[in-house]
Every structure is written in C-alpha cells, then in structure tokens.
Amino acid sequence: MSEVTIVSDSVASIPEAVIEALHIHWVPYYIHRGQEVLRDLVSAQRETFYDWMLTATALPTTASPGPGDYLTLYQKLADEQGVREIVSIHMTSKGSGAYQAATVAQSMLAETRPELRVEVIDTLNVSMCQGWMVIEAARAALAGKSLADIVALVKGMMPITRMIQTADTLKYLYMGGRIGRAKHLVATLLNIKPLIGMEDGVIVALGQVRNRHRAYQAMAEMIEAAVDKMGKVKIAYVHAAAREEAEKIRALVEERVNCVESLIAELSPALGVHTGPGTAGVCYFPVRD
C-alpha cells in the first residue's frame with residue numbers, strides 16, 4: 001500500500017482507465033450553463049457536452065472547485081482509507097482558482113487534522129501536461145517513494161513538460177477570456193490554424209499555418225527539435241471530440257521521435273468550453289535515462 005495518495009481535478013483529462021489503475025483521486029470542476037450547474041465528468045460527459053457545444057449560442061462559464069470540495073476529499077481519504085500524506089496537483093494558478101482553493105483547504109486541514117500532511121502544487125500548466133505530472137506522481141507513490149521525492153519529481157517535470165495544440169478557431173478561448181498572450185491572433189481567426197502553447201502558466205502563440213495538416217507537421221517538428229533524435233519522450237495526444245485528428249498527429253510525431261509511452265486523452269468538458277470541439281494537440285515531456 002502506498003503511503004502517499006495523489007489528488008488532482010477533472011481538467012487534468014487523464015483517461016479513466018489510467019485513473020483507476022493508478023488509484024488517482026480527483027475533484028470535478030463546475031460548468032454553469034445558463035441556470036444549470038454541471039459537474040465536470042460527472043453530470044457533464046464528453047460526448048453529449050461537445051455535441052451540445054456545436055449548436056450553442058452562448059458559451060457556458062466554468063469555475064474551479066472550492067476549498068470545501070478539496071477539504072471534503074482530503075478528509076474522506078483520511079477517514080475511510082487511513083491516508084496521512086497527500087500530494088495535490090493542479091492546473092496553472094494563472095488560469096484557475098483550483099490551486100488557491102486547495103491551498104485554503106490545506107490550511108484548514110492543518111488546524112483540525114495536524115496528523116494529515118498535504119502538499120499542494122501549482123503545475124503552471126494545463127490539460128495532460130498537468131495529467132502527466134499526476135500520472136508520474138501516482139506511479140512514484142505506488143512504487144513507495146516518499147512525499148518529498150514525489151514533490152521533487154513533479155517540480156522537476158514542470159519546466160520540461162510542454163503543450164502544443166490547434167483548433168479550427170480561437171473564438172472559444174477568446175470568449176472565455178483564456179487567450180493570454182495570444183490575443184494578436186484573434187484578428188485572423190478565419191484565415192489560420194493557430195498553434196498555441198503555455199509558458200509561465202499562460203497561453204502563448206507558437207505560430208500559425210494555413211491548414212490542419214501543416215499544423216500537425218509543425219507540432220512534430222517542434223517536438224523533434226525539443227527532444228532531439230537520441231532522446232526519448234512520453235506523449236499524450238489530446239483532443240476535444242476529434243480523436244481522428246489526434247491519431248493523425250500521432251502518426252506524424254512517432255515517425256520522428258522515440259516515443260516510449262503514448263496515450264490518447266480527450267479533454268474534459270470544463271476545458272473544452274474554452275478550446276471548443278475540434279481541438280487537437282499534444283502534451284509531452286522528454287525522458288532521460
């Protein structure tokens with residue numbers, strides 16, 4: 001039995017089979033659709049939500065879990081499973097309040113349950129970049145690594161884990177206020193396929209091309225340049241209602257780099273609200289022997 005338990009939230013978009021196999025615990029985000037309040041991956045499931053988004057006339061809003069949501073899970077793990085050490089891993093604090101909420105829960109818990117130690121990490125990233133950190137942390141926990149070792153592992157991944165994605169339009173990011181430093185691309189929404197990534201916790205423009213195939217080629221070239229031909233890489237091919245596009249990216253990328261592990265992950269609805277259906281991309285990090 002691992003002495004350290006890994007907690008995250010729904011926007012990490014980790015495939016359900018991996019969550020189950022690695023005993024990862026998570027808290028759902030909120031989605032506000034008019035007067036309706038949905039819970040990410042609980043009452044808002046991927047297929048039905050993305051089908052609805054294609055015809056939506058107004059963009060839903062999202063909200064991170066509150067301190068009480070995290071506190072409830074931390075306490076449940078302690079009471080029902082005897083957990084005494086937790087590493088809680090969250091998306092960039094510059095795009096969500098989850099890290100702050102988990103930190104408040106951590107402080108509350110310190111007063112009432114001092115025997116329970118919780119370390120909260122702001123990944124300064126999103127999607128399966130956050131997801132990879134959660135996965136590697138969970139594997140380390142199952143291997144019996146200490147809390148300090150797991151925290152160091154995640155922090156070591158933060159500077160080298162990268163996202164590249166493209167979409168038919170940036171309108172969802174723009175409408176949702178998540179466009180970051182890529183605002184200058186908005187003027188050409190109809191004419192380009194934007195490539196975006198994340199640096200220092202905010203969305204940035206990585207380039208722009210005229211069609212999806214060229215965007216996917218550019219992704220493969222960027223990964224190859226970042227990893228180099230002698231390096232190894234772990235890659236998640238991410239998408240929102242666009243698995244065929246993710247498979248196209250996989251075919252191009254794995255011709256160029258030594259991919260030691262890959263998986264396909266569909267964004268949770270709380271992320272898909274901002275990127276929109278049709279989004280496809282990669283989250284990857286180099287692996288050194």
# chains A, B, ... in the order shown; residues from 1 in each chain; ligands from 1
call {"tool": "residues_around", "arguments": {"residues": "Asp9 (chain A)", "least_positions_apart": "5", "cutoff": "10 Å", "atoms": "only C-alpha atoms", "output": "PyMOL selection string"}}
result
chain A and resi 14+24-29+40+64-65+70+88-91+98+130-131+134
call {"tool": "closest_atom_pairs", "arguments": {"of": "region 4-112 of chain A", "to": "region 202-212 of chain A", "cutoff": "12 Å", "atoms": "only C-alpha atoms", "output": "Markdown table"}}
result
| residue | atom | partner | partner_atom | distance |
| --- | --- | --- | --- | --- |
| A:Met91 | CA | A:Val202 | CA | 10.7 |
| A:Thr92 | CA | A:Val202 | CA | 7.7 |
| A:Ser93 | CA | A:Val202 | CA | 9.3 |
| A:Lys94 | CA | A:Val202 | CA | 6.4 |
| A:Gly95 | CA | A:Val202 | CA | 7.1 |
| A:Ser96 | CA | A:Val202 | CA | 10.6 |
call {"tool": "closest_residue", "arguments": {"among": "A:Val42, A:Ala167, A:Leu195, A:Leu153", "to": "Met219 (chain A)", "atoms": "only C-alpha atoms"}}
result
A:Leu195
call {"tool": "select_by_dssp", "arguments": {"residues": "region 1-247 of chain A", "states": "alpha helix (DSSP H)", "output": "PyMOL selection string"}}
result
chain A and resi 16-21+46-53+67-81+98-112+127-142+147-157+171-175+212-227+243-247
call {"tool": "closest_residue", "arguments": {"among": "A:Pro159, A:Gly66, A:Pro15, A:Pro286", "to": "Ile264 (chain A)", "atoms": "only C-alpha atoms"}}
result
A:Pro15
call {"tool": "closest_residue", "arguments": {"among": "A:Val257, A:Ala218, A:Leu59, A:Val151", "to": "Ile86 (chain A)", "atoms": "only C-alpha atoms"}}
result
A:Val151
call {"tool": "closest_residue", "arguments": {"among": "A:Thr279, A:Gln165, A:Thr61, A:Ser8", "to": "Gln35 (chain A)", "atoms": "only C-alpha atoms"}}
result
A:Thr61
call {"tool": "residues_around", "arguments": {"residues": "Lys145 (chain A)", "least_positions_apart": "4", "cutoff": "9 Å", "atoms": "only C-alpha atoms", "output": "list in words"}}
result
Ser2, Glu3, Val4, Arg139, Ala140, Ala141, Asp149 and Ile150 of chain A
call {"tool": "residues_around", "arguments": {"residues": "Ala241 (chain A)", "least_positions_apart": "6", "cutoff": "7 Å", "atoms": "only C-alpha atoms", "output": "JSON, numbers by chain"}}
result
{"A": [50, 277, 278]}
call {"tool": "closest_residue", "arguments": {"among": "A:Arg33, A:Arg162, A:Arg39, A:His23", "to": "Gly197 (chain A)", "atoms": "only C-alpha atoms"}}
result
A:Arg162
call {"tool": "atom_distance", "arguments": {"atom1": "CA of Asp200 (chain A)", "atom2": "CA of Met133 (chain A)"}}
result
16.0 Å
call {"tool": "atom_distance", "arguments": {"atom1": "CA of Thr123 (chain A)", "atom2": "CA of Arg250 (chain A)"}}
result
24.8 Å
call {"tool": "closest_residue", "arguments": {"among": "A:Ala78, A:Gly281, A:Ala220, A:Ile19", "to": "Trp132 (chain A)", "atoms": "only C-alpha atoms"}}
result
A:Ile19
call {"tool": "select_by_dssp", "arguments": {"residues": "region 126-273 of chain A", "states": "strand (DSSP E or B)", "output": "number ranges by chain"}}
result
A: 162-166, 193-199, 202-209, 232-239, 258-266
